[in-house]
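Participant: CSV, C-alpha atoms, saved as final-v1.csv, coming up:
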```csv
chain,number,residue,atom,x,y,z
A,1,MET,CA,-9.4,-52.1,-16.6
A,2,GLY,CA,-10.3,-50.2,-13.5
A,3,LEU,CA,-10.4,-47.0,-15.5
A,4,GLY,CA,-12.6,-48.4,-18.1
A,5,MET,CA,-15.2,-49.6,-15.6
A,6,ALA,CA,-15.2,-46.3,-13.7
A,7,ALA,CA,-15.5,-44.3,-16.9
A,8,GLY,CA,-18.2,-46.6,-18.2
A,9,MET,CA,-20.3,-46.0,-15.0
A,10,ALA,CA,-19.8,-42.3,-15.3
A,11,ALA,CA,-20.9,-42.1,-18.9
A,12,GLY,CA,-24.0,-44.3,-18.2
A,13,ALA,CA,-26.2,-45.6,-20.9
A,14,ALA,CA,-24.3,-44.0,-23.8
A,15,VAL,CA,-21.5,-46.6,-23.6
A,16,GLN,CA,-21.7,-49.7,-25.8
A,17,ARG,CA,-18.7,-51.5,-24.4
A,18,GLU,CA,-15.6,-51.1,-22.3
A,19,PRO,CA,-12.6,-49.4,-24.0
A,20,ASP,CA,-10.1,-52.1,-24.9
A,21,PHE,CA,-6.5,-51.2,-25.4
A,22,MET,CA,-4.7,-53.7,-23.3
A,23,ILE,CA,-2.6,-56.6,-24.3
A,24,HIS,CA,-4.6,-59.8,-23.8
A,25,GLY,CA,-3.4,-63.3,-23.3
A,26,VAL,CA,-4.9,-65.7,-25.9
A,27,VAL,CA,-3.3,-69.2,-25.3
A,28,LYS,CA,-1.8,-70.3,-22.1
A,29,TYR,CA,1.0,-72.8,-22.0
A,30,THR,CA,3.7,-73.9,-19.5
A,31,ILE,CA,7.4,-74.5,-20.0
A,32,GLY,CA,9.3,-76.0,-17.0
A,33,GLY,CA,6.7,-74.8,-14.5
A,34,HIS,CA,6.6,-71.2,-15.8
A,35,GLU,CA,3.2,-70.0,-16.9
A,36,LEU,CA,3.5,-68.3,-20.3
A,37,TRP,CA,1.0,-66.7,-22.6
A,38,LEU,CA,0.6,-66.2,-26.4
A,39,THR,CA,-0.6,-62.6,-26.3
A,40,THR,CA,-2.3,-60.5,-28.9
A,41,THR,CA,1.2,-59.1,-29.7
A,42,THR,CA,2.5,-62.6,-30.6
A,43,ILE,CA,-0.5,-63.3,-32.8
A,44,GLY,CA,-0.2,-59.9,-34.5
A,45,MET,CA,3.5,-60.4,-35.1
A,46,MET,CA,2.8,-63.9,-36.6
A,47,ILE,CA,0.2,-62.5,-39.0
A,48,ILE,CA,2.6,-59.7,-40.0
A,49,SER,CA,5.5,-62.2,-40.5
A,50,LEU,CA,3.2,-64.3,-42.7
A,51,ILE,CA,2.2,-61.2,-44.8
A,52,LEU,CA,5.9,-60.3,-45.2
A,53,ILE,CA,7.0,-63.8,-46.1
A,54,VAL,CA,4.2,-64.0,-48.8
A,55,LEU,CA,5.2,-60.6,-50.1
A,56,ALA,CA,8.9,-61.6,-50.2
A,57,ILE,CA,8.1,-64.8,-52.2
A,58,LEU,CA,5.9,-62.8,-54.6
A,59,ALA,CA,8.7,-60.2,-55.0
A,60,LYS,CA,11.3,-62.9,-55.7
A,61,ARG,CA,9.1,-64.5,-58.3
A,62,THR,CA,8.4,-61.2,-60.0
A,63,MET,CA,12.0,-60.1,-60.1
A,64,GLU,CA,13.1,-63.5,-61.5
A,65,ARG,CA,11.0,-62.8,-64.5
A,66,ALA,CA,11.7,-59.1,-64.6
A,67,THR,CA,10.8,-57.3,-67.8
A,68,ASP,CA,12.2,-54.2,-69.4
A,69,VAL,CA,8.9,-52.5,-69.2
A,70,PRO,CA,8.0,-53.1,-65.6
A,71,GLY,CA,4.5,-54.1,-64.5
A,72,THR,CA,2.7,-52.6,-61.5
A,73,PHE,CA,4.2,-54.8,-58.8
A,74,GLN,CA,7.7,-54.7,-60.3
A,75,ASN,CA,7.5,-51.0,-60.5
A,76,ILE,CA,6.6,-50.7,-56.8
A,77,LEU,CA,9.5,-53.0,-55.8
A,78,GLU,CA,12.0,-51.0,-57.9
A,79,LEU,CA,10.7,-47.8,-56.4
A,80,GLY,CA,11.1,-49.2,-52.9
A,81,VAL,CA,14.6,-50.4,-53.4
A,82,GLU,CA,15.6,-47.1,-54.9
A,83,MET,CA,14.1,-45.2,-52.0
A,84,LEU,CA,16.0,-47.6,-49.6
A,85,GLU,CA,19.3,-46.9,-51.4
A,86,LYS,CA,18.7,-43.2,-51.4
A,87,MET,CA,17.9,-43.2,-47.7
A,88,THR,CA,20.9,-45.3,-46.6
A,89,GLN,CA,23.3,-43.5,-48.9
A,90,GLY,CA,22.2,-40.1,-47.6
A,91,ILE,CA,23.6,-41.0,-44.1
A,92,LEU,CA,26.0,-43.9,-44.4
A,93,GLY,CA,27.7,-42.9,-47.6
A,94,LYS,CA,30.0,-45.6,-49.0
A,95,ASN,CA,29.1,-48.1,-46.2
A,96,ALA,CA,25.4,-48.0,-47.3
A,97,ARG,CA,25.4,-51.4,-49.0
A,98,ARG,CA,26.5,-53.2,-45.9
A,99,PHE,CA,23.6,-52.0,-43.8
A,100,ALA,CA,20.9,-51.6,-46.5
A,101,ASN,CA,19.6,-55.2,-45.8
A,102,TYR,CA,19.1,-54.7,-42.1
A,103,ILE,CA,17.6,-51.2,-42.5
A,104,GLY,CA,15.2,-52.4,-45.1
A,105,THR,CA,14.2,-55.3,-43.0
A,106,ILE,CA,13.4,-53.4,-39.8
A,107,PHE,CA,11.8,-50.7,-41.9
A,108,LEU,CA,9.3,-53.2,-43.4
A,109,VAL,CA,8.7,-54.9,-40.1
A,110,ILE,CA,8.1,-51.7,-38.1
A,111,LEU,CA,6.0,-50.2,-40.9
A,112,PHE,CA,3.7,-53.2,-41.2
A,113,CYS,CA,3.5,-53.4,-37.4
A,114,ASN,CA,2.5,-49.7,-37.1
A,115,LEU,CA,0.0,-50.0,-39.9
A,116,SER,CA,-1.6,-53.2,-38.5
A,117,GLY,CA,-3.9,-51.0,-36.5
A,118,LEU,CA,-5.8,-50.4,-39.8
A,119,LEU,CA,-6.5,-54.2,-40.0
A,120,GLY,CA,-8.0,-54.2,-36.5
A,121,LEU,CA,-5.0,-55.8,-34.9
A,122,ARG,CA,-3.5,-54.3,-31.8
A,123,ALA,CA,-0.2,-52.9,-33.1
A,124,PRO,CA,2.7,-55.2,-32.0
A,125,THR,CA,5.0,-52.2,-31.6
A,126,ALA,CA,2.7,-50.9,-28.9
A,127,ASP,CA,4.2,-53.5,-26.7
A,128,TYR,CA,7.5,-52.5,-25.0
A,129,GLY,CA,8.8,-56.1,-25.3
A,130,VAL,CA,8.9,-55.7,-29.1
A,131,THR,CA,10.4,-52.2,-29.3
A,132,PHE,CA,13.0,-52.8,-26.6
A,133,LEU,CA,14.2,-55.8,-28.5
A,134,LEU,CA,14.5,-53.7,-31.7
A,135,GLY,CA,16.4,-51.1,-29.7
A,136,MET,CA,18.7,-53.7,-28.2
A,137,VAL,CA,19.5,-55.1,-31.7
A,138,THR,CA,20.4,-51.6,-32.8
A,139,PHE,CA,22.6,-51.2,-29.7
A,140,GLY,CA,24.3,-54.5,-30.4
A,141,ILE,CA,25.1,-53.5,-34.0
A,142,VAL,CA,26.4,-50.1,-32.9
A,143,GLN,CA,28.7,-51.5,-30.2
A,144,TYR,CA,30.0,-54.2,-32.6
A,145,GLN,CA,30.7,-51.7,-35.3
A,146,GLY,CA,32.4,-49.4,-32.7
A,147,ILE,CA,34.7,-52.2,-31.4
A,148,LYS,CA,35.4,-53.4,-35.0
A,149,ASN,CA,36.2,-50.0,-36.5
A,150,ARG,CA,37.8,-48.2,-33.6
A,151,GLY,CA,39.2,-50.9,-31.4
A,152,VAL,CA,40.4,-49.7,-28.0
A,153,ARG,CA,39.5,-46.1,-28.9
A,154,HIS,CA,35.9,-47.2,-28.7
A,155,PHE,CA,36.3,-47.5,-24.9
A,156,THR,CA,38.9,-44.7,-24.4
A,157,SER,CA,36.6,-42.2,-26.2
A,158,LEU,CA,34.3,-42.5,-23.2
A,159,PHE,CA,37.0,-40.6,-21.2
A,160,GLU,CA,37.7,-38.2,-24.0
A,161,PRO,CA,37.3,-34.6,-23.2
A,162,ILE,CA,38.2,-35.1,-19.5
A,163,PRO,CA,38.0,-38.3,-17.5
A,164,LEU,CA,35.5,-36.6,-15.1
A,165,LEU,CA,32.9,-36.9,-17.9
A,166,PHE,CA,33.0,-40.7,-18.0
A,167,PRO,CA,29.6,-41.3,-16.2
A,168,ILE,CA,27.8,-38.9,-18.5
A,169,ASN,CA,29.4,-40.4,-21.6
A,170,LEU,CA,28.4,-43.9,-20.4
A,171,ILE,CA,24.8,-42.8,-19.7
A,172,GLY,CA,24.7,-41.2,-23.2
A,173,GLU,CA,25.8,-44.4,-24.7
A,174,VAL,CA,23.3,-46.6,-22.8
A,175,ALA,CA,20.4,-44.2,-23.2
A,176,ASN,CA,20.4,-44.5,-27.0
A,177,PRO,CA,18.5,-47.9,-27.3
A,178,ILE,CA,16.2,-47.0,-24.4
A,179,SER,CA,15.3,-43.6,-26.0
A,180,ILE,CA,14.7,-44.9,-29.5
A,181,SER,CA,12.6,-47.9,-28.2
A,182,LEU,CA,10.6,-45.7,-25.9
A,183,ARG,CA,9.9,-43.2,-28.6
A,184,LEU,CA,8.5,-45.8,-30.9
A,185,PHE,CA,6.5,-47.5,-28.1
A,186,ALA,CA,5.0,-44.4,-26.7
A,187,ASN,CA,3.9,-43.0,-30.0
A,188,LEU,CA,2.2,-46.2,-31.0
A,189,LEU,CA,0.7,-46.7,-27.5
A,190,SER,CA,-0.8,-43.3,-27.5
A,191,GLY,CA,-2.4,-44.0,-30.9
A,192,VAL,CA,-3.8,-47.4,-29.6
A,193,ILE,CA,-5.2,-45.7,-26.5
A,194,ILE,CA,-6.8,-42.9,-28.4
A,195,MET,CA,-8.4,-45.3,-30.9
A,196,GLY,CA,-9.5,-47.7,-28.1
A,197,LEU,CA,-11.1,-44.9,-26.1
A,198,TRP,CA,-12.9,-43.5,-29.2
A,199,TYR,CA,-14.3,-46.9,-30.2
A,200,GLY,CA,-15.1,-48.0,-26.7
A,201,MET,CA,-16.6,-44.8,-25.2
A,202,MET,CA,-18.2,-42.8,-27.9
A,203,PRO,CA,-21.9,-43.3,-28.8
A,204,ILE,CA,-22.6,-45.4,-31.9
A,205,PHE,CA,-23.2,-42.5,-34.3
A,206,ALA,CA,-19.7,-41.1,-33.6
A,207,ASN,CA,-18.2,-44.3,-34.8
A,208,ILE,CA,-19.2,-43.7,-38.4
A,209,GLY,CA,-16.7,-41.9,-40.6
A,210,ILE,CA,-14.9,-39.9,-37.8
A,211,PRO,CA,-12.6,-42.8,-36.8
A,212,ALA,CA,-11.2,-42.7,-40.4
A,213,ALA,CA,-9.7,-39.3,-39.8
A,214,LEU,CA,-8.2,-40.4,-36.4
A,215,HIS,CA,-6.8,-43.5,-38.1
A,216,VAL,CA,-5.1,-41.4,-40.7
A,217,TYR,CA,-3.3,-39.4,-38.0
A,218,CYS,CA,-2.7,-42.1,-35.3
A,219,ASP,CA,-1.8,-45.0,-37.5
A,220,LEU,CA,-0.8,-43.7,-41.0
A,221,PHE,CA,1.0,-40.4,-40.2
A,222,SER,CA,2.4,-41.2,-36.8
A,223,GLY,CA,3.3,-44.8,-37.8
A,224,CYS,CA,5.1,-43.8,-41.0
A,225,ILE,CA,7.0,-40.9,-39.3
A,226,GLN,CA,8.1,-43.1,-36.4
A,227,THR,CA,9.3,-45.9,-38.8
A,228,TYR,CA,11.4,-43.4,-40.7
A,229,VAL,CA,12.7,-41.9,-37.5
A,230,PHE,CA,13.7,-45.3,-36.1
A,231,CYS,CA,15.6,-46.3,-39.2
A,232,MET,CA,17.2,-42.8,-39.5
A,233,LEU,CA,18.4,-42.8,-35.9
A,234,THR,CA,19.7,-46.4,-36.2
A,235,MET,CA,21.8,-45.3,-39.2
A,236,VAL,CA,23.0,-42.1,-37.5
A,237,TYR,CA,24.2,-44.1,-34.5
A,238,ILE,CA,25.9,-46.6,-36.7
A,239,ASN,CA,27.5,-43.8,-38.7
A,240,ASP,CA,28.9,-42.3,-35.5
A,241,LYS,CA,30.9,-45.4,-35.0
A,242,MET,CA,32.2,-45.8,-38.5
A,243,GLU,CA,35.3,-43.7,-38.4
B,1,MET,CA,-17.0,-40.3,3.6
B,2,ASN,CA,-14.8,-43.2,4.4
B,3,PHE,CA,-11.9,-44.3,2.2
B,4,SER,CA,-8.9,-46.6,2.7
B,5,GLY,CA,-5.2,-45.8,2.3
B,6,GLN,CA,-5.3,-47.8,-1.0
B,7,ASP,CA,-7.9,-45.4,-2.4
B,8,PHE,CA,-5.7,-42.4,-1.3
B,9,ILE,CA,-2.7,-43.9,-3.2
B,10,TYR,CA,-4.8,-44.4,-6.3
B,11,GLY,CA,-6.1,-40.8,-6.1
B,12,CYS,CA,-2.6,-39.5,-5.7
B,13,SER,CA,-1.4,-41.6,-8.6
B,14,ALA,CA,-4.1,-40.1,-10.8
B,15,ILE,CA,-3.0,-36.6,-9.7
B,16,GLY,CA,0.6,-37.5,-10.4
B,17,ALA,CA,-0.3,-38.8,-13.9
B,18,GLY,CA,-1.9,-35.4,-14.6
B,19,LEU,CA,1.1,-33.6,-13.4
B,20,ALA,CA,3.4,-35.8,-15.5
B,21,MET,CA,1.6,-34.7,-18.6
B,22,ILE,CA,2.8,-31.1,-18.0
B,23,ALA,CA,5.8,-32.5,-19.8
B,24,GLY,CA,3.7,-31.9,-23.0
B,25,ILE,CA,4.4,-28.2,-22.9
B,26,GLY,CA,8.1,-28.5,-23.8
B,27,PRO,CA,7.7,-30.5,-27.0
B,28,GLY,CA,4.8,-28.3,-28.1
B,29,ILE,CA,7.0,-25.2,-27.9
B,30,GLY,CA,9.9,-27.0,-29.5
B,31,GLN,CA,7.9,-28.4,-32.4
B,32,GLY,CA,6.3,-25.0,-33.0
B,33,ILE,CA,9.7,-23.4,-33.2
B,34,ALA,CA,10.9,-26.0,-35.6
B,35,ALA,CA,7.8,-25.7,-37.8
B,36,GLY,CA,8.2,-21.9,-37.8
B,37,TYR,CA,11.8,-22.0,-38.9
B,38,GLY,CA,10.8,-24.7,-41.5
B,39,ALA,CA,8.2,-22.4,-42.9
B,40,SER,CA,10.6,-19.5,-43.1
B,41,ALA,CA,13.2,-21.7,-44.8
B,42,VAL,CA,10.6,-22.8,-47.4
B,43,GLY,CA,9.8,-19.2,-47.9
B,44,ARG,CA,13.4,-18.3,-48.6
B,45,ASN,CA,14.2,-21.4,-50.7
B,46,PRO,CA,11.1,-23.0,-52.1
B,47,GLY,CA,13.2,-25.4,-54.3
B,48,ALA,CA,14.4,-27.3,-51.2
B,49,LYS,CA,10.9,-27.9,-49.8
B,50,SER,CA,11.1,-31.7,-49.6
B,51,ASP,CA,14.5,-31.7,-47.9
B,52,ILE,CA,13.4,-29.1,-45.4
B,53,THR,CA,10.1,-30.9,-44.7
B,54,SER,CA,11.9,-34.3,-44.0
B,55,THR,CA,14.5,-32.6,-41.8
B,56,MET,CA,11.9,-30.7,-39.9
B,57,LEU,CA,9.7,-33.8,-39.3
B,58,LEU,CA,12.8,-35.8,-38.2
B,59,GLY,CA,13.8,-33.1,-35.7
B,60,GLN,CA,10.2,-32.7,-34.5
B,61,ALA,CA,9.9,-36.5,-33.9
B,62,VAL,CA,13.1,-36.5,-31.9
B,63,ALA,CA,12.1,-33.4,-29.9
B,64,GLU,CA,8.8,-35.2,-29.1
B,65,THR,CA,10.7,-37.7,-27.0
B,66,THR,CA,10.7,-35.8,-23.7
B,67,GLY,CA,6.9,-35.4,-23.9
B,68,LEU,CA,6.5,-39.1,-24.6
B,69,TYR,CA,8.5,-39.9,-21.5
B,70,GLY,CA,6.0,-37.9,-19.5
B,71,LEU,CA,3.2,-39.9,-21.3
B,72,VAL,CA,4.9,-43.2,-20.4
B,73,VAL,CA,5.2,-42.1,-16.7
B,74,ALA,CA,1.5,-41.1,-16.7
B,75,ILE,CA,0.4,-44.4,-18.3
B,76,ILE,CA,2.4,-46.4,-15.8
B,77,LEU,CA,0.9,-44.5,-12.9
B,78,MET,CA,-2.6,-45.0,-14.2
B,79,PHE,CA,-2.6,-48.6,-15.4
B,80,VAL,CA,0.4,-50.5,-13.9
B,81,LYS,CA,-0.2,-49.0,-10.4
B,82,PRO,CA,3.3,-49.3,-9.0
B,83,PHE,CA,2.4,-48.0,-5.6
B,84,GLY,CA,-0.8,-49.9,-5.0
```
Written as structure tokens, how would this file's structure read?

Facilitator:
Amino acid sequence: MGLGMAAGMAAGAAVQREPDFMIHGVVKYTIGGHELWLTTTTIGMMIISLILIVLAILAKRTMERATDVPGTFQNILELGVEMLEKMTQGILGKNARRFANYIGTIFLVILFCNLSGLLGLRAPTADYGVTFLLGMVTFGIVQYQGIKNRGVRHFTSLFEPIPLLFPINLIGEVANPISISLRLFANLLSGVIIMGLWYGMMPIFANIGIPAALHVYCDLFSGCIQTYVFCMLTMVYINDKME
Amino acid sequence: MNFSGQDFIYGCSAIGAGLAMIAGIGPGIGQGIAAGYGASAVGRNPGAKSDITSTMLLGQAVAETTGLYGLVVAIILMFVKPFG
């Protein structure tokens, strides 16, 4: 907040309010003497979960009474499932069906989180706690598949070209979840900061119309691309461990 | 002009944040090269435009990572203030 105050003083009377792109605590509670907060990330995640649950129930109802000539909503659902199958089969091949559920789930969650900036929420994926967890889940699945499909070779392959390269191979293995989570986090955070600075520090006439173009780039374009990249890289990492 | 050691550390952190953003040069060059080759590929084979575009965007998003590491370092220096 120090930066906001300093910049506010520099810009003088043109400033309406302080730029706001931080995570804020909303509700404070204590468990076993630890002070914990429900933050804006938690609230945003709850809202997105609610939206996704409602969408899932609606989708199930629609598909139970599926008709030969699909209506609008059924059409969208079928299109989405077809795109998911195409995306997973392009990389995972014959194993696509086993991972389509997981990939579809994280795709929807990350997509809705990234687009929630359009609803005025602070995007939950602009919090490293969320993206690091997503990265660790990917890491867990990759390691599990590696041990399951390759057995001991999963560990011996770390020494593979020559044993001298073991530290580099180990770093290459551990860096994967950190790199995909940081990529998602930093992209969304830069979008949130740009939007926060624009809304907080520009004079009032600059807040009419122009932010729409910024939202298209920072939220829509960047968010969709990063969602796609996260799912793609998850599948690529899994596919590396399949044979 | 009188300032404390704390102010000096904050000033140096701000300079360091600016220096960290030099990392933005690399991804810019890399993404430009990828876009250039993507354009020439579309020129040679316009039928495969959608495949080329998605491959190019995926590669660019991956190439962007090093620049984003620089951005994360800059943001940590500016807002988390690890040395103050």

Participant: Using only C-alpha atoms, find each residue in chain A having at least one atom no more than 8 Å away from chain B; report its shortest atom-to-atom pair and that distance in Å (one decimal), rows by chain then rising number, as a Markdown table.

Facilitator:
```
| residue | atom | partner | partner_atom | distance |
| --- | --- | --- | --- | --- |
| A:Met1 | CA | B:Phe79 | CA | 7.7 |
| A:Leu3 | CA | B:Phe79 | CA | 8.0 |
| A:Ser179 | CA | B:Thr65 | CA | 7.5 |
| A:Leu182 | CA | B:Tyr69 | CA | 7.6 |
| A:Arg183 | CA | B:Thr65 | CA | 5.8 |
| A:Ala186 | CA | B:Leu68 | CA | 5.9 |
| A:Asn187 | CA | B:Leu68 | CA | 7.2 |
| A:Ile225 | CA | B:Ala61 | CA | 7.5 |
| A:Gln226 | CA | B:Ala61 | CA | 7.3 |
| A:Val229 | CA | B:Leu58 | CA | 6.1 |
```

Participant: Using all atoms listed in the file, find the one residue out of A:Ala213, A:Thr30, A:Gly223, A:Ala175 that sits nearest to A:Ser190.

Facilitator: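 Checking each candidate against A:Ser190, we get A:Gly223 as the closest.
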
Participant: Atom CA of A:Ile238 and atom CA of A:Glu160 are how many Å apart?

Facilitator: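 Straight-line distance from atom CA of A:Ile238 to atom CA of A:Glu160 works out to 19.3 Å.
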
Participant: To one decimal place, how far is atom CA of A:Leu164 from atom CA of A:Asp240 in Å?

Facilitator: 22.2 Å

Participant: Tell me, as an MDAnalysis selection string, which residues lie within 8 Å of A:Cys113, counting only C-alpha atoms; anything in the same chain fewer than 3 positions away does not count.

Facilitator: chainID A and resid 45 48 109:110 116:117 123:125

Participant: Using all atoms listed in the file, which residue out of B:Ala63, B:Ile29, B:Val80, B:Ala74 lies closest to B:Gly16?

Facilitator: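 Checking each of B:Ala63, B:Ile29, B:Val80, B:Ala74 against B:Gly16, counting all atoms listed in the file, the winner is B:Ala74.
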
Participant: Name the residues in contact with B:Ala17 at a cut-off of 6 Å, using only C-alpha atoms, excluding same-chain residues fewer than 3 positions from it; report them as a PyMOL selection string.

Facilitator: chain B and resi 14+20+74+77
